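Notes for the one structure printed next.
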Amino acid sequence: MTALYDTIGTTYGRYRRPDLRVQAAIDAALGDAKTVVNIGAGSGSYEPAGLIIAVEPARTMIAQRPIGSAPVVQAVAEHLPFRDKQFDAALAILTTHHWPDPRAGLREMARISHKQIILTHNDAAFANFWLTVEYIPELPRLDLAERFMPPIEDTMRITDIIPVPVPWDCTDGFLCSYWRRPEMYLDPDARAAISGLALLGDDITGPAINRLAADIKSGAWDARYGHLRELDELDLGYRIIVAEGVIG
């Protein structure tokens with residue numbers, strides 16, 4: 001099985017460590033769920049104690065799962081090898097934008113579970129973020145970016161939407177996590193753990209990162225965005241969506 005993260009997921013184990021504050025928000029959304037399946041589980045971030053199985057298509061990501069983590073099935077979200085309503089809850093953590101058919105994957109989540117917990121982000125992740133506004137405006141135009149907010153609202157029966165502000169020292173290096181630490185985007189291994197940046201060619205990211213490096217060195221970045229260094233957290237459009245089944 002060929003999967004996207006077999007190519008771009010090699011640094012996830014080091015740079016995509018679960019953040020305890022994000023974990024707490026996910027755990028609260030799960031509530032009293034006793035049996036949980038993690039769809040698009042990657043290297044095992046944010047898996048609760050009640051997790052009994054994970055689903056991941058990429059061997060590279062499966063290989064990075066820590067010893068003692070829940071058993072994993074190699075499969076895709078659109079075709080889940082489980083019975084109807086087999087689980088109390090199904091998780092999908094920053095993964096739905098990678099599914100070739102997000103609507104089919106969401107329907108499969110609803111088929112196998114009573115409650116669905118989806119961590120995703122809306123357009124604010126691109127529209128209000130200095131990295132994509134000023135340095136890499138090409139990122140929102142990726143085909144991948146068109147799915148960053150998949151058709152959840154017109155597919156799922158939503159019961160709650162929970163904002164997830166990004167802490168300034170977030171340990172999970174997703175796209176917007178370094179909003180107060182621009183120097184981290186200069187690290188090629190950190191960029192390799194951010195799917196959108198990893199998918200852009202060096203002809204785009206190279207000049208952009210060089211400009212960012214120059215602006216950091218000259219103080220130009222701090223002149224424009226230094227006020228961010230005073231904040232402890234920032235809302236950049238990340239949301240936990242809680243749903244109970246599909247519409248119709």
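To be explicit about the labels: the chains of the structure tokens are called A, B, and onward in the order shown, and within each one the residues are counted from 1, while ligands get numbers from 1 in the order they are shown.
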
All residues 9 Å or closer to region 28-38 of chain A, only C-alpha atoms, same chain fewer than 3 positions away omitted, as a PyMOL selection string: chain A and resi 23-25+41+44+46-56+86-93+113+115-117+160+162+240-242

What's the 7 Å shell around region 195-201 of chain A, counting only C-alpha atoms, without same-chain residues fewer than 3 positions away, as a list in words? Ile8, Leu139, Arg191, Ala192, Ile204 and Thr205 of chain A

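Candidate residues A:Pro167, A:Ala63, A:Asp189, A:His98 were compared for distance to Arg229 (chain A), and the nearest is A:Pro167, using only C-alpha atoms.
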
Using backbone DSSP assignments, extract all helix (DSSP H, G or I) residues from region 64-193 of chain A; output them as a VMD selection string. chain A and resid 96 to 98 102 to 112 124 to 127 130 to 135 139 to 141 144 to 147 182 to 186 188 to 192

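Within the 9 Å cut-off around Tyr185 (chain A), using only C-alpha atoms and omitting residues fewer than 3 positions from it on the same chain, the listed residues are Tyr178, Arg181, Pro182, Pro188, Ala190, Arg191, Ile209, Leu212 and Ala213 of chain A.
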
For Arg180 (chain A), find every residue with an atom within 9 Å (counting only C-alpha atoms), except residues of its own chain fewer than 3 positions away, and show them as JSON, numbers by chain. {"A": [168, 169, 177, 183, 225, 226, 228, 229, 230, 231, 232, 233]}

Taking the DSSP assignment computed from this structure's backbone, write out as a PyMOL selection string all residues of region 1-244 of chain A that belong to strand (DSSP E or B). chain A and resi 16+36-39+51-55+72-73+76+79+87-93+113-121+156-163+166-167+172+233-234+238-244

Given only C-alpha atoms as the basis, pick out the residue of A:Tyr15, A:Trp221, A:Trp130, A:Phe82 nearest to Ile194 (chain A).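 Smallest separation from Ile194 (chain A) among the options: A:Tyr15.
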
Within 12 Å of Gly13 (chain A), counting only C-alpha atoms, which residues show up once you throw out same-chain ones fewer than 2 positions away? Write them as a ChimeraX atom specification, please. /A:8-11,15-18,42-45,60-66,171-173,189-190,192-193

Please, could you write that set of residues out with N, CA and C atoms as a tab-separated table (two decimals), in the first residue's frame?
chain	number	residue	atom	x	y	z
A	8	ILE	N	6.74	11.42	3.43
A	8	ILE	CA	7.01	12.65	4.18
A	8	ILE	C	7.00	12.48	5.69
A	9	GLY	N	6.78	11.26	6.19
A	9	GLY	CA	6.59	11.11	7.62
A	9	GLY	C	7.79	10.68	8.43
A	10	THR	N	9.00	10.77	7.86
A	10	THR	CA	10.16	10.17	8.52
A	10	THR	C	10.60	10.91	9.78
A	11	THR	N	10.23	12.19	9.95
A	11	THR	CA	10.68	12.95	11.13
A	11	THR	C	9.57	13.14	12.17
A	15	TYR	N	9.41	15.39	15.93
A	15	TYR	CA	8.85	16.73	15.90
A	15	TYR	C	7.34	16.79	16.13
A	16	ARG	N	6.68	15.66	16.11
A	16	ARG	CA	5.23	15.66	16.30
A	16	ARG	C	4.86	14.93	17.58
A	17	ARG	N	5.45	15.39	18.68
A	17	ARG	CA	5.16	14.82	19.99
A	17	ARG	C	3.88	15.44	20.55
A	18	PRO	N	2.98	14.62	21.07
A	18	PRO	CA	1.69	15.16	21.53
A	18	PRO	C	1.85	16.23	22.60
A	42	GLY	N	-1.13	7.73	12.55
A	42	GLY	CA	0.24	8.18	12.44
A	42	GLY	C	1.16	7.44	13.40
A	43	SER	N	2.01	8.20	14.08
A	43	SER	CA	2.99	7.61	14.99
A	43	SER	C	2.45	7.44	16.40
A	44	GLY	N	1.15	7.67	16.60
A	44	GLY	CA	0.53	7.37	17.88
A	44	GLY	C	0.24	8.55	18.79
A	45	SER	N	0.22	9.76	18.26
A	45	SER	CA	-0.06	10.92	19.09
A	45	SER	C	-1.52	10.93	19.55
A	60	THR	N	5.75	3.76	7.17
A	60	THR	CA	6.72	4.64	7.82
A	60	THR	C	6.19	5.16	9.15
A	61	MET	N	4.91	5.49	9.18
A	61	MET	CA	4.33	5.99	10.42
A	61	MET	C	4.13	4.85	11.43
A	62	ILE	N	3.69	3.71	10.96
A	62	ILE	CA	3.51	2.57	11.86
A	62	ILE	C	4.82	2.21	12.55
A	63	ALA	N	5.92	2.29	11.80
A	63	ALA	CA	7.23	1.93	12.35
A	63	ALA	C	7.66	2.87	13.47
A	64	GLN	N	7.10	4.08	13.52
A	64	GLN	CA	7.48	5.05	14.54
A	64	GLN	C	6.59	4.99	15.79
A	65	ARG	N	5.61	4.12	15.79
A	65	ARG	CA	4.77	4.00	16.97
A	65	ARG	C	5.58	3.41	18.13
A	66	PRO	N	5.45	3.99	19.33
A	66	PRO	CA	6.28	3.54	20.45
A	66	PRO	C	5.90	2.14	20.91
A	171	THR	N	4.35	21.28	21.77
A	171	THR	CA	5.32	20.23	21.47
A	171	THR	C	4.98	19.46	20.20
A	172	ASP	N	3.80	19.69	19.66
A	172	ASP	CA	3.38	19.03	18.43
A	172	ASP	C	3.62	20.00	17.27
A	173	GLY	N	4.57	19.68	16.42
A	173	GLY	CA	4.99	20.62	15.40
A	173	GLY	C	4.15	20.62	14.15
A	189	ASP	N	14.22	19.51	9.12
A	189	ASP	CA	13.54	18.34	9.68
A	189	ASP	C	12.19	18.72	10.28
A	190	ALA	N	12.11	19.90	10.89
A	190	ALA	CA	10.83	20.37	11.40
A	190	ALA	C	9.85	20.60	10.25
A	192	ALA	N	9.88	19.06	7.43
A	192	ALA	CA	9.53	17.76	6.87
A	192	ALA	C	8.40	17.09	7.63
A	193	ALA	N	8.17	17.50	8.87
A	193	ALA	CA	7.10	16.94	9.68
A	193	ALA	C	5.80	17.74	9.56

Can you tell me, as a ChimeraX atom specification, what residues are no more than 9 Å from Arg21 (chain A) when counting only C-alpha atoms, ignoring any on the same chain fewer than 5 positions away? /A:26,164,166-167,170

Just the selected residues (N, CA and C atoms), exported as a PDB file, in the first residue's frame, please.
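This went into selection.pdb:
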ATOM      1  N   ILE A  26      -8.750  16.880  23.825  1.00  0.00           N
ATOM      2  CA  ILE A  26      -9.263  15.686  23.145  1.00  0.00           C
ATOM      3  C   ILE A  26      -9.880  14.733  24.158  1.00  0.00           C
ATOM      4  N   VAL A 164      -9.409  25.151  19.890  1.00  0.00           N
ATOM      5  CA  VAL A 164      -8.167  24.639  20.482  1.00  0.00           C
ATOM      6  C   VAL A 164      -7.060  25.661  20.203  1.00  0.00           C
ATOM      7  N   VAL A 166      -3.479  27.401  20.155  1.00  0.00           N
ATOM      8  CA  VAL A 166      -2.162  26.781  20.043  1.00  0.00           C
ATOM      9  C   VAL A 166      -1.227  27.404  21.073  1.00  0.00           C
ATOM     10  N   PRO A 167      -0.708  26.625  22.041  1.00  0.00           N
ATOM     11  CA  PRO A 167       0.221  27.188  23.034  1.00  0.00           C
ATOM     12  C   PRO A 167       1.513  27.648  22.355  1.00  0.00           C
ATOM     13  N   CYS A 170       4.045  24.773  22.035  1.00  0.00           N
ATOM     14  CA  CYS A 170       3.409  23.512  21.648  1.00  0.00           C
ATOM     15  C   CYS A 170       4.460  22.481  21.234  1.00  0.00           C
TER      16      CYS A 170
END

Proximity to Thr155 (chain A) - best of A:Ala127, A:Ala75, A:Ala243, A:Leu186, only C-alpha atoms: A:Ala243

Set the distance at 10 Å and use only C-alpha atoms: which residues neighbour Pro151 (chain A) once local chain neighbours fewer than 5 positions away are removed? I'd like the list as an MDAnalysis selection string. chainID A and resid 96 102:103 106 156

Residues of the last selection are to be written out with N, CA and C atoms, as a CSV table (one decimal), in the first residue's frame.
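Generated output (again-v4.csv):
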chain,number,residue,atom,x,y,z
A,96,THR,N,-7.9,14.3,8.5
A,96,THR,CA,-8.9,14.2,7.4
A,96,THR,C,-8.5,14.9,6.1
A,102,PRO,N,-12.6,12.6,1.8
A,102,PRO,CA,-12.9,12.8,3.2
A,102,PRO,C,-14.4,12.5,3.5
A,103,ARG,N,-15.3,12.7,2.7
A,103,ARG,CA,-16.7,12.4,3.0
A,103,ARG,C,-16.9,10.9,3.2
A,106,LEU,N,-15.4,10.1,6.6
A,106,LEU,CA,-16.2,10.5,7.8
A,106,LEU,C,-17.4,9.6,7.9
A,156,MET,N,-21.6,15.4,8.8
A,156,MET,CA,-21.8,14.9,10.2
A,156,MET,C,-22.9,15.6,11.0

Pick from A:Ile216, A:Leu175, A:Lys85, A:Val22, whichever lies nearest to Phe126 (chain A) using only C-alpha atoms: A:Leu175

Measure the distance from CA of Arg157 (chain A) to CA of Ile39 (chain A) in Å and round it to one decimal.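 Result for CA of Arg157 (chain A) versus CA of Ile39 (chain A): 18.4 Å, one decimal.
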